[in-house]
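**Q** Pasting final-v1.cif below, which is mmCIF, N, CA and C atoms.
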```cif
data_model
loop_
_atom_site.label_atom_id
_atom_site.label_comp_id
_atom_site.auth_asym_id
_atom_site.auth_seq_id
_atom_site.Cartn_x
_atom_site.Cartn_y
_atom_site.Cartn_z
N MET F 1075 121.51 111.78 150.93
CA MET F 1075 120.30 112.58 150.83
C MET F 1075 119.44 112.10 149.67
N LEU F 1076 120.04 111.83 148.56
CA LEU F 1076 119.30 111.37 147.40
C LEU F 1076 118.61 110.05 147.68
N ARG F 1077 119.26 109.16 148.39
CA ARG F 1077 118.65 107.87 148.72
C ARG F 1077 117.42 108.05 149.60
N ARG F 1078 117.48 108.92 150.56
CA ARG F 1078 116.33 109.15 151.43
C ARG F 1078 115.14 109.66 150.62
N THR F 1079 115.39 110.58 149.73
CA THR F 1079 114.32 111.11 148.89
C THR F 1079 113.73 110.01 148.03
N THR F 1080 114.56 109.23 147.41
CA THR F 1080 114.08 108.13 146.57
C THR F 1080 113.30 107.13 147.42
N PHE F 1081 113.81 106.83 148.59
CA PHE F 1081 113.16 105.90 149.49
C PHE F 1081 111.79 106.43 149.91
N ALA F 1082 111.72 107.72 150.23
CA ALA F 1082 110.46 108.33 150.65
C ALA F 1082 109.44 108.26 149.52
N VAL F 1083 109.87 108.52 148.31
CA VAL F 1083 108.97 108.46 147.17
C VAL F 1083 108.48 107.03 146.97
N THR F 1084 109.36 106.07 147.15
CA THR F 1084 108.97 104.67 147.02
C THR F 1084 107.93 104.30 148.05
N ILE F 1085 108.12 104.72 149.29
CA ILE F 1085 107.14 104.42 150.34
C ILE F 1085 105.80 105.09 150.04
N ILE F 1086 105.84 106.34 149.65
CA ILE F 1086 104.62 107.06 149.32
C ILE F 1086 103.93 106.39 148.14
N GLY F 1087 104.69 106.00 147.14
CA GLY F 1087 104.13 105.32 145.98
C GLY F 1087 103.49 103.99 146.36
N ALA F 1088 104.13 103.23 147.24
CA ALA F 1088 103.58 101.96 147.70
C ALA F 1088 102.30 102.19 148.50
N PHE F 1089 102.29 103.24 149.33
CA PHE F 1089 101.10 103.56 150.10
C PHE F 1089 99.96 103.94 149.18
N ALA F 1090 100.23 104.74 148.18
CA ALA F 1090 99.20 105.16 147.23
C ALA F 1090 98.65 103.96 146.48
N ALA F 1091 99.52 103.04 146.08
CA ALA F 1091 99.06 101.84 145.38
C ALA F 1091 98.20 100.99 146.30
N SER F 1092 98.58 100.87 147.58
CA SER F 1092 97.79 100.11 148.54
C SER F 1092 96.43 100.76 148.76
N ALA F 1093 96.40 102.06 148.86
CA ALA F 1093 95.14 102.78 149.05
C ALA F 1093 94.24 102.59 147.85
N LEU F 1094 94.81 102.61 146.65
CA LEU F 1094 94.04 102.40 145.43
C LEU F 1094 93.47 100.99 145.42
N ALA F 1095 94.29 100.01 145.76
CA ALA F 1095 93.82 98.62 145.80
C ALA F 1095 92.70 98.47 146.83
N LEU F 1096 92.85 99.10 147.98
CA LEU F 1096 91.83 99.04 149.02
C LEU F 1096 90.54 99.67 148.53
N ALA F 1097 90.63 100.82 147.86
CA ALA F 1097 89.44 101.50 147.34
C ALA F 1097 88.75 100.64 146.30
N GLN F 1098 89.51 99.92 145.50
CA GLN F 1098 88.91 99.09 144.47
C GLN F 1098 88.18 97.90 145.07
N ASN F 1099 88.55 97.47 146.27
CA ASN F 1099 87.86 96.38 146.94
C ASN F 1099 86.64 96.86 147.72
N THR F 1100 86.43 98.17 147.76
CA THR F 1100 85.27 98.74 148.42
C THR F 1100 84.09 98.67 147.47
N GLY F 1101 82.99 98.15 147.95
CA GLY F 1101 81.82 98.00 147.10
C GLY F 1101 81.03 99.28 146.95
N PRO F 1102 79.95 99.20 146.21
CA PRO F 1102 79.10 100.37 146.01
C PRO F 1102 78.37 100.77 147.30
N VAL F 1103 77.98 102.03 147.38
CA VAL F 1103 77.26 102.55 148.55
C VAL F 1103 76.08 103.38 148.05
N ILE F 1104 74.89 103.08 148.58
CA ILE F 1104 73.73 103.96 148.35
C ILE F 1104 73.77 104.99 149.46
N ASP F 1105 73.96 106.25 149.06
CA ASP F 1105 74.09 107.33 150.03
C ASP F 1105 72.74 107.80 150.56
N SER F 1106 71.73 107.82 149.68
CA SER F 1106 70.40 108.25 150.10
C SER F 1106 69.38 107.90 149.02
N VAL F 1107 68.12 108.00 149.41
CA VAL F 1107 67.01 107.86 148.46
C VAL F 1107 66.12 109.07 148.66
N THR F 1108 65.89 109.80 147.57
CA THR F 1108 64.97 110.94 147.62
C THR F 1108 63.77 110.61 146.74
N MET F 1109 62.67 111.29 146.99
CA MET F 1109 61.44 111.03 146.22
C MET F 1109 61.04 112.26 145.42
N ARG F 1110 60.65 111.99 144.19
CA ARG F 1110 60.12 113.04 143.32
C ARG F 1110 58.75 112.55 142.84
N THR F 1111 57.75 113.42 142.86
CA THR F 1111 56.39 113.03 142.49
C THR F 1111 55.93 113.85 141.31
N GLU F 1112 55.28 113.18 140.36
CA GLU F 1112 54.66 113.86 139.23
C GLU F 1112 53.20 113.45 139.16
N MET F 1113 52.38 114.39 138.79
CA MET F 1113 50.95 114.11 138.68
C MET F 1113 50.56 114.21 137.21
N GLN F 1114 50.10 113.11 136.65
CA GLN F 1114 49.51 113.11 135.32
C GLN F 1114 48.06 112.72 135.53
N ARG F 1115 47.59 111.66 134.90
CA ARG F 1115 46.24 111.21 135.24
C ARG F 1115 46.22 110.70 136.67
N TYR F 1116 47.25 109.90 137.01
CA TYR F 1116 47.44 109.42 138.37
C TYR F 1116 48.84 109.80 138.82
N GLN F 1117 49.07 109.73 140.10
CA GLN F 1117 50.36 110.07 140.69
C GLN F 1117 51.41 109.02 140.32
N THR F 1118 52.62 109.50 139.98
CA THR F 1118 53.78 108.63 139.79
C THR F 1118 54.87 109.13 140.72
N VAL F 1119 55.46 108.21 141.50
CA VAL F 1119 56.51 108.56 142.44
C VAL F 1119 57.82 107.99 141.91
N TYR F 1120 58.85 108.84 141.89
CA TYR F 1120 60.16 108.44 141.40
C TYR F 1120 61.16 108.42 142.55
N PRO F 1121 61.47 107.24 143.09
CA PRO F 1121 62.56 107.18 144.06
C PRO F 1121 63.88 107.36 143.32
N GLU F 1122 64.71 108.26 143.80
CA GLU F 1122 66.00 108.53 143.16
C GLU F 1122 67.10 108.02 144.08
N PHE F 1123 67.85 107.04 143.61
CA PHE F 1123 68.91 106.39 144.39
C PHE F 1123 70.22 107.12 144.15
N HIS F 1124 70.73 107.78 145.16
CA HIS F 1124 72.01 108.49 145.09
C HIS F 1124 73.08 107.50 145.57
N PHE F 1125 74.01 107.15 144.68
CA PHE F 1125 75.01 106.14 145.03
C PHE F 1125 76.36 106.47 144.43
N HIS F 1126 77.38 105.77 144.91
CA HIS F 1126 78.71 105.85 144.31
C HIS F 1126 79.36 104.48 144.39
N ASP F 1127 80.28 104.25 143.47
CA ASP F 1127 81.01 102.99 143.43
C ASP F 1127 82.43 103.26 142.96
N PRO F 1128 83.44 102.99 143.80
CA PRO F 1128 84.83 103.25 143.41
C PRO F 1128 85.26 102.53 142.14
N SER F 1129 84.66 101.37 141.84
CA SER F 1129 85.03 100.66 140.61
C SER F 1129 84.26 101.18 139.40
N GLY F 1130 83.16 101.87 139.63
CA GLY F 1130 82.36 102.41 138.52
C GLY F 1130 81.65 101.34 137.71
N THR F 1131 81.38 100.18 138.33
CA THR F 1131 80.79 99.07 137.56
C THR F 1131 79.43 98.62 138.07
N VAL F 1132 78.69 99.48 138.77
CA VAL F 1132 77.34 99.10 139.19
C VAL F 1132 76.49 98.90 137.94
N HIS F 1133 75.77 97.78 137.91
CA HIS F 1133 74.97 97.47 136.73
C HIS F 1133 73.56 96.98 137.07
N PHE F 1134 73.29 96.67 138.35
CA PHE F 1134 71.99 96.11 138.72
C PHE F 1134 71.45 96.77 139.98
N ILE F 1135 70.12 96.82 140.05
CA ILE F 1135 69.45 97.20 141.29
C ILE F 1135 68.44 96.11 141.60
N HIS F 1136 68.46 95.66 142.86
CA HIS F 1136 67.52 94.63 143.32
C HIS F 1136 66.54 95.29 144.29
N ARG F 1137 65.26 95.01 144.10
CA ARG F 1137 64.23 95.56 144.97
C ARG F 1137 63.38 94.43 145.53
N GLU F 1138 62.92 94.62 146.76
CA GLU F 1138 62.09 93.62 147.42
C GLU F 1138 60.97 94.29 148.19
N LEU F 1139 59.76 93.83 148.01
CA LEU F 1139 58.59 94.37 148.70
C LEU F 1139 58.63 93.92 150.16
N VAL F 1140 58.53 94.90 151.08
CA VAL F 1140 58.58 94.61 152.51
C VAL F 1140 57.19 94.69 153.13
N ALA F 1141 56.42 95.72 152.79
CA ALA F 1141 55.09 95.90 153.38
C ALA F 1141 54.24 96.77 152.47
N THR F 1142 52.94 96.56 152.53
CA THR F 1142 52.00 97.40 151.79
C THR F 1142 50.61 97.22 152.37
N ASN F 1143 49.77 98.20 152.14
CA ASN F 1143 48.36 98.06 152.44
C ASN F 1143 47.54 98.21 151.16
N SER F 1144 48.14 97.88 150.05
CA SER F 1144 47.49 97.99 148.74
C SER F 1144 46.30 97.03 148.66
N PRO F 1145 45.21 97.48 148.06
CA PRO F 1145 44.04 96.61 147.92
C PRO F 1145 44.24 95.52 146.86
N LYS F 1146 45.30 95.63 146.07
CA LYS F 1146 45.55 94.59 145.05
C LYS F 1146 47.01 94.15 145.12
N PRO F 1147 47.31 92.96 144.58
CA PRO F 1147 48.69 92.46 144.64
C PRO F 1147 49.66 93.37 143.88
N LEU F 1148 50.85 93.56 144.45
CA LEU F 1148 51.87 94.39 143.82
C LEU F 1148 53.12 93.56 143.57
N THR F 1149 53.85 93.92 142.54
CA THR F 1149 55.15 93.28 142.29
C THR F 1149 56.19 94.37 142.09
N VAL F 1150 57.41 94.06 142.48
CA VAL F 1150 58.53 94.97 142.25
C VAL F 1150 59.52 94.25 141.33
N HIS F 1151 60.26 95.03 140.58
CA HIS F 1151 61.17 94.46 139.60
C HIS F 1151 62.60 94.93 139.82
N ASP F 1152 63.55 94.05 139.51
CA ASP F 1152 64.95 94.45 139.49
C ASP F 1152 65.17 95.30 138.25
N GLY F 1153 66.28 96.02 138.22
CA GLY F 1153 66.56 96.88 137.08
C GLY F 1153 68.01 96.84 136.66
N VAL F 1154 68.24 97.32 135.46
CA VAL F 1154 69.59 97.44 134.91
C VAL F 1154 69.98 98.91 134.98
N ILE F 1155 71.18 99.17 135.50
CA ILE F 1155 71.69 100.54 135.63
C ILE F 1155 72.72 100.77 134.54
N GLU F 1156 72.51 101.79 133.73
CA GLU F 1156 73.44 102.14 132.66
C GLU F 1156 73.91 103.58 132.85
N ILE F 1157 74.86 103.74 133.77
CA ILE F 1157 75.44 105.04 134.08
C ILE F 1157 76.95 104.90 133.92
N SER F 1158 77.59 105.90 133.35
CA SER F 1158 79.03 105.82 133.04
C SER F 1158 79.86 105.56 134.29
N PRO F 1159 80.97 104.82 134.12
CA PRO F 1159 81.87 104.58 135.26
C PRO F 1159 82.35 105.87 135.91
N GLU F 1160 82.66 106.88 135.11
CA GLU F 1160 83.14 108.15 135.65
C GLU F 1160 82.10 108.78 136.57
N GLN F 1161 80.84 108.74 136.15
CA GLN F 1161 79.78 109.33 136.96
C GLN F 1161 79.56 108.52 138.24
N GLN F 1162 79.64 107.20 138.15
CA GLN F 1162 79.46 106.36 139.34
C GLN F 1162 80.55 106.62 140.37
N ILE F 1163 81.77 106.84 139.91
CA ILE F 1163 82.88 107.11 140.83
C ILE F 1163 82.66 108.45 141.54
N LYS F 1164 82.19 109.46 140.79
CA LYS F 1164 81.93 110.79 141.38
C LYS F 1164 80.68 110.78 142.26
N GLY F 1165 79.70 109.99 141.86
CA GLY F 1165 78.39 109.96 142.52
C GLY F 1165 77.32 110.07 141.46
N ALA F 1166 76.37 109.16 141.48
CA ALA F 1166 75.35 109.09 140.44
C ALA F 1166 73.96 109.02 141.05
N ILE F 1167 72.97 109.26 140.21
CA ILE F 1167 71.57 109.14 140.62
C ILE F 1167 70.88 108.21 139.64
N TYR F 1168 70.27 107.16 140.18
CA TYR F 1168 69.47 106.24 139.37
C TYR F 1168 68.01 106.45 139.73
N PRO F 1169 67.18 106.89 138.76
CA PRO F 1169 65.76 107.11 139.06
C PRO F 1169 64.93 105.84 138.85
N GLY F 1170 64.14 105.51 139.84
CA GLY F 1170 63.16 104.43 139.68
C GLY F 1170 61.85 105.05 139.24
N GLY F 1171 60.77 104.33 139.36
CA GLY F 1171 59.46 104.87 139.02
C GLY F 1171 58.37 103.96 139.54
N TRP F 1172 57.37 104.53 140.16
CA TRP F 1172 56.26 103.77 140.71
C TRP F 1172 54.95 104.45 140.31
N PRO F 1173 54.24 103.89 139.30
CA PRO F 1173 52.93 104.45 138.93
C PRO F 1173 51.88 104.01 139.94
N CYS F 1174 51.28 104.95 140.62
CA CYS F 1174 50.38 104.63 141.73
C CYS F 1174 49.02 104.08 141.31
N GLY F 1175 48.48 104.56 140.21
CA GLY F 1175 47.11 104.21 139.88
C GLY F 1175 46.16 105.01 140.74
N PRO F 1176 44.86 104.66 140.71
CA PRO F 1176 43.87 105.47 141.43
C PRO F 1176 43.75 105.17 142.93
N GLU F 1177 44.31 104.05 143.40
CA GLU F 1177 44.15 103.64 144.79
C GLU F 1177 45.01 104.47 145.75
N SER F 1178 44.57 104.49 147.01
CA SER F 1178 45.33 105.12 148.08
C SER F 1178 45.97 104.01 148.91
N TYR F 1179 47.31 103.99 148.95
CA TYR F 1179 48.03 102.95 149.67
C TYR F 1179 49.48 103.37 149.86
N TYR F 1180 50.21 102.57 150.65
CA TYR F 1180 51.65 102.77 150.76
C TYR F 1180 52.34 101.47 150.37
N VAL F 1181 53.59 101.57 150.00
CA VAL F 1181 54.41 100.40 149.73
C VAL F 1181 55.80 100.68 150.28
N THR F 1182 56.33 99.73 151.06
CA THR F 1182 57.68 99.84 151.60
C THR F 1182 58.55 98.82 150.89
N ILE F 1183 59.68 99.29 150.41
CA ILE F 1183 60.57 98.48 149.57
C ILE F 1183 61.99 98.55 150.14
N GLN F 1184 62.70 97.45 150.05
CA GLN F 1184 64.14 97.44 150.34
C GLN F 1184 64.87 97.26 149.02
N ALA F 1185 66.04 97.92 148.91
CA ALA F 1185 66.79 97.84 147.66
C ALA F 1185 68.29 97.87 147.93
N PHE F 1186 69.03 97.28 147.01
CA PHE F 1186 70.49 97.42 146.99
C PHE F 1186 70.95 97.40 145.55
N VAL F 1187 72.13 97.97 145.29
CA VAL F 1187 72.74 97.92 143.96
C VAL F 1187 73.91 96.94 144.01
N MET F 1188 74.27 96.42 142.85
CA MET F 1188 75.36 95.44 142.78
C MET F 1188 76.22 95.75 141.56
N ASN F 1189 77.55 95.65 141.76
CA ASN F 1189 78.44 95.91 140.64
C ASN F 1189 78.81 94.61 139.92
N LEU F 1190 79.56 94.72 138.85
CA LEU F 1190 79.89 93.56 138.03
C LEU F 1190 80.83 92.58 138.72
N ASP F 1191 81.46 93.00 139.84
CA ASP F 1191 82.29 92.09 140.63
C ASP F 1191 81.44 91.30 141.63
N GLY F 1192 80.13 91.55 141.66
CA GLY F 1192 79.24 90.87 142.59
C GLY F 1192 79.17 91.52 143.96
N GLN F 1193 79.79 92.69 144.11
CA GLN F 1193 79.74 93.39 145.40
C GLN F 1193 78.41 94.12 145.53
N LYS F 1194 77.74 93.90 146.67
CA LYS F 1194 76.45 94.52 146.94
C LYS F 1194 76.63 95.73 147.82
N SER F 1195 75.77 96.71 147.62
CA SER F 1195 75.78 97.91 148.47
C SER F 1195 75.05 97.62 149.76
N ASN F 1196 74.99 98.64 150.59
CA ASN F 1196 74.12 98.62 151.75
C ASN F 1196 72.67 98.51 151.28
N VAL F 1197 71.82 97.97 152.14
CA VAL F 1197 70.39 97.86 151.83
C VAL F 1197 69.70 99.11 152.36
N VAL F 1198 68.87 99.73 151.52
CA VAL F 1198 68.09 100.88 151.96
C VAL F 1198 66.61 100.50 151.93
N GLU F 1199 65.86 101.09 152.84
CA GLU F 1199 64.43 100.88 152.89
C GLU F 1199 63.74 102.21 152.70
N TYR F 1200 62.73 102.24 151.85
CA TYR F 1200 62.01 103.48 151.60
C TYR F 1200 60.53 103.17 151.42
N THR F 1201 59.69 104.17 151.67
CA THR F 1201 58.25 104.00 151.57
C THR F 1201 57.68 105.01 150.59
N ILE F 1202 56.84 104.50 149.70
CA ILE F 1202 56.14 105.33 148.73
C ILE F 1202 54.70 105.44 149.19
N HIS F 1203 54.20 106.67 149.26
CA HIS F 1203 52.82 106.92 149.65
C HIS F 1203 52.05 107.36 148.41
N CYS F 1204 51.11 106.54 148.00
CA CYS F 1204 50.32 106.83 146.81
C CYS F 1204 48.98 107.44 147.19
N ASN F 1205 48.72 108.59 146.64
CA ASN F 1205 47.43 109.27 146.82
C ASN F 1205 47.04 109.39 148.29
N GLY F 1206 48.01 109.76 149.12
CA GLY F 1206 47.75 109.98 150.53
C GLY F 1206 47.79 108.73 151.39
N GLY F 1207 48.11 107.59 150.80
CA GLY F 1207 48.14 106.31 151.55
C GLY F 1207 49.33 106.16 152.44
#
```
Would you put the structure from the file into structure tokens?

**A**
Amino acid sequence: MLRRTTFAVTIIGAFAASALALAQNTGPVIDSVTMRTEMQRYQTVYPEFHFHDPSGTVHFIHRELVATNSPKPLTVHDGVIEISPEQQIKGAIYPGGWPCGPESYYVTIQAFVMNLDGQKSNVVEYTIHCNGG
């Protein structure tokens, strides 16, 4: 009887270790993007990236311009994410920011986050509407 119990614990322990190893090989995931808008002199839109990473090591966000009807050239920038590993494991929010200026236009952007192991998340696409554009 004692051997069976010990054996069962060993199997369960091995399974738990395998599950942990599997989770650690899982990359980051962007769960959603929500938008928050503030009005000062001009509108500023804050895309908020809701993500999680089992390793807790997300450190970069990459953004790419997909489409716009802006009357002037636009550029998007990559960013550095500084959120604690504990929070990333539970689920974190990284706020971006897009100052619209006085023009009316839209901009569609694709983004992904990447952890220090080089694992990339899913790509999300979102559209910012500036001043009704």

**Q** Which of chain F counts as alpha helix (DSSP H) under DSSP, as a VMD selection string please?

**A** chain F and resid 1076 to 1098 1159 to 1164

**Q** Give me a file of those residues, with N, CA and C atoms, as a PDB file, keeping the file's coordinate frame.

**A**
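Okay, this is what ended up in result_23.pdb:
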```pdb
ATOM      1  N   LEU F1076     120.040 111.830 148.560  1.00  0.00           N
ATOM      2  CA  LEU F1076     119.300 111.370 147.400  1.00  0.00           C
ATOM      3  C   LEU F1076     118.610 110.050 147.680  1.00  0.00           C
ATOM      4  N   ARG F1077     119.260 109.160 148.390  1.00  0.00           N
ATOM      5  CA  ARG F1077     118.650 107.870 148.720  1.00  0.00           C
ATOM      6  C   ARG F1077     117.420 108.050 149.600  1.00  0.00           C
ATOM      7  N   ARG F1078     117.480 108.920 150.560  1.00  0.00           N
ATOM      8  CA  ARG F1078     116.330 109.150 151.430  1.00  0.00           C
ATOM      9  C   ARG F1078     115.140 109.660 150.620  1.00  0.00           C
ATOM     10  N   THR F1079     115.390 110.580 149.730  1.00  0.00           N
ATOM     11  CA  THR F1079     114.320 111.110 148.890  1.00  0.00           C
ATOM     12  C   THR F1079     113.730 110.010 148.030  1.00  0.00           C
ATOM     13  N   THR F1080     114.560 109.230 147.410  1.00  0.00           N
ATOM     14  CA  THR F1080     114.080 108.130 146.570  1.00  0.00           C
ATOM     15  C   THR F1080     113.300 107.130 147.420  1.00  0.00           C
ATOM     16  N   PHE F1081     113.810 106.830 148.590  1.00  0.00           N
ATOM     17  CA  PHE F1081     113.160 105.900 149.490  1.00  0.00           C
ATOM     18  C   PHE F1081     111.790 106.430 149.910  1.00  0.00           C
ATOM     19  N   ALA F1082     111.720 107.720 150.230  1.00  0.00           N
ATOM     20  CA  ALA F1082     110.460 108.330 150.650  1.00  0.00           C
ATOM     21  C   ALA F1082     109.440 108.260 149.520  1.00  0.00           C
ATOM     22  N   VAL F1083     109.870 108.520 148.310  1.00  0.00           N
ATOM     23  CA  VAL F1083     108.970 108.460 147.170  1.00  0.00           C
ATOM     24  C   VAL F1083     108.480 107.030 146.970  1.00  0.00           C
ATOM     25  N   THR F1084     109.360 106.070 147.150  1.00  0.00           N
ATOM     26  CA  THR F1084     108.970 104.670 147.020  1.00  0.00           C
ATOM     27  C   THR F1084     107.930 104.300 148.050  1.00  0.00           C
ATOM     28  N   ILE F1085     108.120 104.720 149.290  1.00  0.00           N
ATOM     29  CA  ILE F1085     107.140 104.420 150.340  1.00  0.00           C
ATOM     30  C   ILE F1085     105.800 105.090 150.040  1.00  0.00           C
ATOM     31  N   ILE F1086     105.840 106.340 149.650  1.00  0.00           N
ATOM     32  CA  ILE F1086     104.620 107.060 149.320  1.00  0.00           C
ATOM     33  C   ILE F1086     103.930 106.390 148.140  1.00  0.00           C
ATOM     34  N   GLY F1087     104.690 106.000 147.140  1.00  0.00           N
ATOM     35  CA  GLY F1087     104.130 105.320 145.980  1.00  0.00           C
ATOM     36  C   GLY F1087     103.490 103.990 146.360  1.00  0.00           C
ATOM     37  N   ALA F1088     104.130 103.230 147.240  1.00  0.00           N
ATOM     38  CA  ALA F1088     103.580 101.960 147.700  1.00  0.00           C
ATOM     39  C   ALA F1088     102.300 102.190 148.500  1.00  0.00           C
ATOM     40  N   PHE F1089     102.290 103.240 149.330  1.00  0.00           N
ATOM     41  CA  PHE F1089     101.100 103.560 150.100  1.00  0.00           C
ATOM     42  C   PHE F1089      99.960 103.940 149.180  1.00  0.00           C
ATOM     43  N   ALA F1090     100.230 104.740 148.180  1.00  0.00           N
ATOM     44  CA  ALA F1090      99.200 105.160 147.230  1.00  0.00           C
ATOM     45  C   ALA F1090      98.650 103.960 146.480  1.00  0.00           C
ATOM     46  N   ALA F1091      99.520 103.040 146.080  1.00  0.00           N
ATOM     47  CA  ALA F1091      99.060 101.840 145.380  1.00  0.00           C
ATOM     48  C   ALA F1091      98.200 100.990 146.300  1.00  0.00           C
ATOM     49  N   SER F1092      98.580 100.870 147.580  1.00  0.00           N
ATOM     50  CA  SER F1092      97.790 100.110 148.540  1.00  0.00           C
ATOM     51  C   SER F1092      96.430 100.760 148.760  1.00  0.00           C
ATOM     52  N   ALA F1093      96.400 102.060 148.860  1.00  0.00           N
ATOM     53  CA  ALA F1093      95.140 102.780 149.050  1.00  0.00           C
ATOM     54  C   ALA F1093      94.240 102.590 147.850  1.00  0.00           C
ATOM     55  N   LEU F1094      94.810 102.610 146.650  1.00  0.00           N
ATOM     56  CA  LEU F1094      94.040 102.400 145.430  1.00  0.00           C
ATOM     57  C   LEU F1094      93.470 100.990 145.420  1.00  0.00           C
ATOM     58  N   ALA F1095      94.290 100.010 145.760  1.00  0.00           N
ATOM     59  CA  ALA F1095      93.820  98.620 145.800  1.00  0.00           C
ATOM     60  C   ALA F1095      92.700  98.470 146.830  1.00  0.00           C
ATOM     61  N   LEU F1096      92.850  99.100 147.980  1.00  0.00           N
ATOM     62  CA  LEU F1096      91.830  99.040 149.020  1.00  0.00           C
ATOM     63  C   LEU F1096      90.540  99.670 148.530  1.00  0.00           C
ATOM     64  N   ALA F1097      90.630 100.820 147.860  1.00  0.00           N
ATOM     65  CA  ALA F1097      89.440 101.500 147.340  1.00  0.00           C
ATOM     66  C   ALA F1097      88.750 100.640 146.300  1.00  0.00           C
ATOM     67  N   GLN F1098      89.510  99.920 145.500  1.00  0.00           N
ATOM     68  CA  GLN F1098      88.910  99.090 144.470  1.00  0.00           C
ATOM     69  C   GLN F1098      88.180  97.900 145.070  1.00  0.00           C
ATOM     70  N   PRO F1159      80.970 104.820 134.120  1.00  0.00           N
ATOM     71  CA  PRO F1159      81.870 104.580 135.260  1.00  0.00           C
ATOM     72  C   PRO F1159      82.350 105.870 135.910  1.00  0.00           C
ATOM     73  N   GLU F1160      82.660 106.880 135.110  1.00  0.00           N
ATOM     74  CA  GLU F1160      83.140 108.150 135.650  1.00  0.00           C
ATOM     75  C   GLU F1160      82.100 108.780 136.570  1.00  0.00           C
ATOM     76  N   GLN F1161      80.840 108.740 136.150  1.00  0.00           N
ATOM     77  CA  GLN F1161      79.780 109.330 136.960  1.00  0.00           C
ATOM     78  C   GLN F1161      79.560 108.520 138.240  1.00  0.00           C
ATOM     79  N   GLN F1162      79.640 107.200 138.150  1.00  0.00           N
ATOM     80  CA  GLN F1162      79.460 106.360 139.340  1.00  0.00           C
ATOM     81  C   GLN F1162      80.550 106.620 140.370  1.00  0.00           C
ATOM     82  N   ILE F1163      81.770 106.840 139.910  1.00  0.00           N
ATOM     83  CA  ILE F1163      82.880 107.110 140.830  1.00  0.00           C
ATOM     84  C   ILE F1163      82.660 108.450 141.540  1.00  0.00           C
ATOM     85  N   LYS F1164      82.190 109.460 140.790  1.00  0.00           N
ATOM     86  CA  LYS F1164      81.930 110.790 141.380  1.00  0.00           C
ATOM     87  C   LYS F1164      80.680 110.780 142.260  1.00  0.00           C
TER      88      LYS F1164
END
```

**Q** Can you pull out every residue from chain F that DSSP, working from the backbone, puts in strand (DSSP E or B), and format the result as a VMD selection string?

**A** chain F and resid 1103 to 1113 1117 to 1126 1132 to 1142 1153 to 1154 1166 to 1169 1172 to 1173 1179 to 1189 1194 1198 to 1204

**Q** Apply the PyMOL selection byres ((chain F and resi 1165) around 7) to the structure shown and report the selected residues as a PyMOL selection string.

**A** chain F and resi 1124-1127+1160-1164+1166-1167

**Q** What's around range 1170-1177 of chain F at 6.5 Å? Count only N, CA and C atoms, leave out sequence neighbours fewer than 4 positions away in its own chain, and write the answer as a ChimeraX atom specification.

**A** /F:1116-1123,1204-1205

**Q** Please enclose the listed atoms of range 1147-1150 of chain F in an axis-aligned box, pad each side by 5 Å, and write out the centre and the three edge lengths in Å, rounded to one decimal, as AutoDock Vina command-line options.

**A**
```
--center_x 53.4 --center_y 93.7 --center_z 143.0 --size_x 22.2 --size_y 12.5 --size_z 13.3
```

**Q** Between F:Pro1169, F:Pro1128, F:Pro1147, F:Gly1207, which one has atoms that come closest to Gly1101 in chain F, using only N, CA and C atoms?

**A**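 Among F:Pro1169, F:Pro1128, F:Pro1147, F:Gly1207, it is F:Pro1128 that comes nearest to Gly1101 in chain F.
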